[in-house]
There are 2 protein chains.
Amino acid sequence: MKKAIVLLSGGLDSATILYYAKTQGFDPYCLVFDYGQRHNKEIEQAKKIAKNAKCSFEVMKISLPWQGSALLNKKMPLPNRKLFKANDIPSTYVPARNIIFLSFAVSFSEAIGASAVFIGANAIDYSGYPDCRPDFFKAYEKVLAKGLKSGIQKKPIKIITPLIDKTKAQIIAMGLELKVPYHLTWSCYRGGARPCGKCESCSLRQKGFDTLGIVDPLLLNLN
Amino acid sequence: MKKAIVLLSGGLDSATILYYAKTQGFDPYCLVFDYGQRHNKEIEQAKKIAKNAKCSFEVMKISLPWQGSALLNKKMPLPNRKLFKANDIPSTYVPARNIIFLSFAVSFSEAIGASAVFIGANAIDYSGYPDCRPDFFKAYEKVLAKGLKSGIQKKPIKIITPLIDKTKAQIIAMGLELKVPYHLTWSCYRGGARPCGKCESCSLRQKGFDTLGIVDPLLLNLN
C-alpha cells in the first residue's frame with residue numbers, strides 16, 4: 001500500500017479526508033499539531049479519530065511565541081461571525097499555519113517514503129485564510145519539486161486536497177458515506193464543554209448539517 | 001528601521017548574513033533552531049553571535065521524530081568528504097529542513113511586521129542539498145505571495161539569500177570586511193571539543209580559509 005501523511009486536526013474536514021484516503025488505497029499516517037491553539041481539546045479528539053480509523057498518529061508540539069492570532073492569544077476576543085467576506089481575513093488567522101504544517105508533513109513523507117500529503121483545506125465554506133486556497137497549494141507543490149530530494153529525483157510528493165471545492169454540506173455528505181465518526185470531531189474555537197455555536201468554525205459546521213437537514217452527531221453525543 | 005528575520009545556525013554563513021543584514025538597514029531578529037542536530041554545540045555559538053551583534057534571538061525547539069538523516073541519527077555514520085558531486089545528495093541531508101525553517105521564519109515575520117527573511121544558503125561550495133538552490137527560493141517566494149495575508153495584500157515577504165552564488169572564500173572575505181566574529185562560529189557536524197577537519201562541513205570551511213591563505217580564527221581561539 002502507498003503511504004500518505006494525513007494532517008489531522010480533530011475537526012470535521014480532516015476526519016473526512018482520513019477516511020477518504022483509506023478508500024483511495026493509501027496507508028495513512030496521521031500528523032496532529034499541538035501549536036498552542038486555544039481549542040486544544042481538538043487534539044484529544046484527533047487521537048480518538050486516528051484510533052477509530054486504526055491509523056498511527058504523531059502529535060507534534062510546536063511553539064509560535066510571536067503569536068499574531070486570536071486562535072493563540074486568549075486575551076484577544078474571538079470573533080462571532082457567520083460568513084466570510086471576500087479578502088477580509090479574520091483575527092483567527094494564524095500566520096503561515098498551513099505552511100508550517102505542510103513543511104513537517106513533507107519532511108515526514110520523505111523520511112518514510114510516503115508519496116502524498118492529504119490536507120482537508122476548503123476554499124468554499126471557509127474563513128478566508130489564504131493558505132486554504134488552490135493557488136497556494138499549487139505553488140507549494142512547486143516548492144516540493146525543487147527543494148526536496150524526492151522532487152529533484154522526479155518523484156515529487158503530492159499535496160492532495162479532496163475538499164478544496166466542496167461546500168460544508170457536500171463534505172459532510174461525503175463523510176457520512178465513508179462512515180466518518182463525526183460524533184468524535186470537534187470544531188469550536190472556544191473549546192468548552194459544548195460547542196459555543198457562535199464562532200466562525202461553529203457557524204460553518206452548523207450550516208453544513210442544517211443544509212442536509214440532519215442533527216450534528218456531536219450534539220447528539222453530548223446530550 | 002525595517003525588521004527582518006535572520007536564520008542563524010551558529011555557522012559561518014549565517015553569521016555573515018546577520019552582519020550583512022545590519023549594513024542593509026535592517027533590524028535583525030535571529031531565529032535559531034534546536035532540531036536534534038548532533039552538533040547542537042552550534043546553538044550555543046549562535047546565541048553568542050547574536051549577542052555579539054546586539055540582536056535579539058529566539059531559539060525554536062522542534063522535533064523530527066522520523067529523522068531520515070545522519071545529522072539527526074547518531075547511530076548513522078557521518079560521511080567524510082571533500083567535494084559535492086552533482087545530484088549526489090549526502091546522508092547529512094535533512095528532509096525539508098529549510099522548508100521547515102523558512103515556514104517558522106515567515107510566520108515570525110508576518111506576526112511582527114518584518115519584510116524579509118535572510119538565509120545564508122549557498123549553492124556553490126555546498127553539500128548539494130536541494131533546498132539551498134536558487135530555484136527553490138524562487139518557488140518559495142511564490143508560496144508566500146499566495147499563502148500569507150501579507151502576500152495577498154501585495155506586501156509579500158522577501159527571502160534574501162546574499163551568499164547564494166558566492167564561493168566559501170568570497171563569503172569569508174565579505175565577512176571579514178563586516179567584522180564577523182568568526183572565532184565564535186561553529187561548522188563541524190561532529191560537534192566535539194575541536195572541529196574534526198574531516199566532515200563535509202569542516203572541509204568546505206577549511207577550503208575557504210585556505211583559498212584566502214589565512215588561518216581560521218576559530219582554530220586560533222581554541223589554541
# chains A, B, ... in the order shown; residues from 1 in each chain; ligands from 1

call {"tool": "interface_residues", "arguments": {"of": "chain B", "to": "chain A", "cutoff": "9 Å", "atoms": "only C-alpha atoms", "output": "number ranges by chain"}}
result
B: 58, 60-69, 87, 89, 93-104, 106-112, 129-133, 135-140, 142-149, 151-153

call {"tool": "select_by_dssp", "arguments": {"residues": "stretch 27-167 of chain A", "states": "alpha helix (DSSP H)", "output": "PyMOL selection string"}}
result
chain A and resi 41-52+97-112+134-147+149-152

call {"tool": "closest_atom_pairs", "arguments": {"of": "stretch 30-55 of chain A", "to": "stretch 195-201 of chain A", "cutoff": "12 Å", "atoms": "only C-alpha atoms", "output": "Markdown table"}}
result
| residue | atom | partner | partner_atom | distance |
| --- | --- | --- | --- | --- |
| A:His39 | CA | A:Pro195 | CA | 10.5 |
| A:Lys41 | CA | A:Pro195 | CA | 11.1 |
| A:Glu42 | CA | A:Pro195 | CA | 11.6 |

call {"tool": "write_last_selection", "arguments": {"atoms": "C-alpha atoms", "output": "compact mmCIF listing (two decimals), in the first residue's frame"}}
result
# COMPACT_ATOMS: atom_id res chain seq x y z
CA HIS A 39 -9.21 24.86 21.48
CA LYS A 41 -9.49 19.91 23.05
CA GLU A 42 -9.32 19.09 19.34

call {"tool": "closest_residue", "arguments": {"among": "A:Ser56, A:Asn80, A:Ser127, A:Ser14", "to": "A:Tyr29", "atoms": "only C-alpha atoms"}}
result
A:Ser56

call {"tool": "residues_around", "arguments": {"residues": "stretch 207-214 of chain B", "least_positions_apart": "4", "cutoff": "12 Å", "atoms": "only C-alpha atoms", "output": "ChimeraX atom specification"}}
result
/B:12-13,82-83,124-126,166-176,182,197-198,200-203,218-220

call {"tool": "atom_distance", "arguments": {"atom1": "atom CA of B:Ala15", "atom2": "atom CA of B:His183"}}
result
10.8 Å

call {"tool": "select_by_dssp", "arguments": {"residues": "stretch 65-188 of chain A", "states": "strand (DSSP E or B)", "output": "PyMOL selection string"}}
result
chain A and resi 80+116-118+158-160

call {"tool": "write_last_selection", "arguments": {"atoms": "N, CA and C atoms", "output": "PDB file, in the first residue's frame"}}
result
ATOM      1  N   ASN A  80     -17.368  36.441  16.550  1.00  0.00           N
ATOM      2  CA  ASN A  80     -18.565  35.674  16.201  1.00  0.00           C
ATOM      3  C   ASN A  80     -18.960  36.111  14.802  1.00  0.00           C
ATOM      4  N   ALA A 116       2.350  11.123  -0.725  1.00  0.00           N
ATOM      5  CA  ALA A 116       1.334  12.181  -0.727  1.00  0.00           C
ATOM      6  C   ALA A 116       1.052  12.686   0.678  1.00  0.00           C
ATOM      7  N   VAL A 117       0.608  13.938   0.719  1.00  0.00           N
ATOM      8  CA  VAL A 117       0.108  14.551   1.954  1.00  0.00           C
ATOM      9  C   VAL A 117      -1.341  14.954   1.701  1.00  0.00           C
ATOM     10  N   PHE A 118      -2.230  14.495   2.553  1.00  0.00           N
ATOM     11  CA  PHE A 118      -3.638  14.883   2.461  1.00  0.00           C
ATOM     12  C   PHE A 118      -3.909  16.015   3.442  1.00  0.00           C
ATOM     13  N   LYS A 158       2.997  14.644  -3.574  1.00  0.00           N
ATOM     14  CA  LYS A 158       1.776  15.355  -3.984  1.00  0.00           C
ATOM     15  C   LYS A 158       1.057  15.897  -2.752  1.00  0.00           C
ATOM     16  N   ILE A 159       0.447  17.072  -2.911  1.00  0.00           N
ATOM     17  CA  ILE A 159      -0.432  17.612  -1.880  1.00  0.00           C
ATOM     18  C   ILE A 159      -1.856  17.375  -2.378  1.00  0.00           C
ATOM     19  N   ILE A 160      -2.613  16.568  -1.645  1.00  0.00           N
ATOM     20  CA  ILE A 160      -3.956  16.196  -2.095  1.00  0.00           C
ATOM     21  C   ILE A 160      -4.995  16.907  -1.222  1.00  0.00           C
TER      22      ILE A 160
END

call {"tool": "atom_distance", "arguments": {"atom1": "atom CA of B:Thr16", "atom2": "atom CA of B:Lys2"}}
result
18.7 Å

call {"tool": "atom_distance", "arguments": {"atom1": "atom CA of A:Glu177", "atom2": "atom CA of A:Lys3"}}
result
23.0 Å
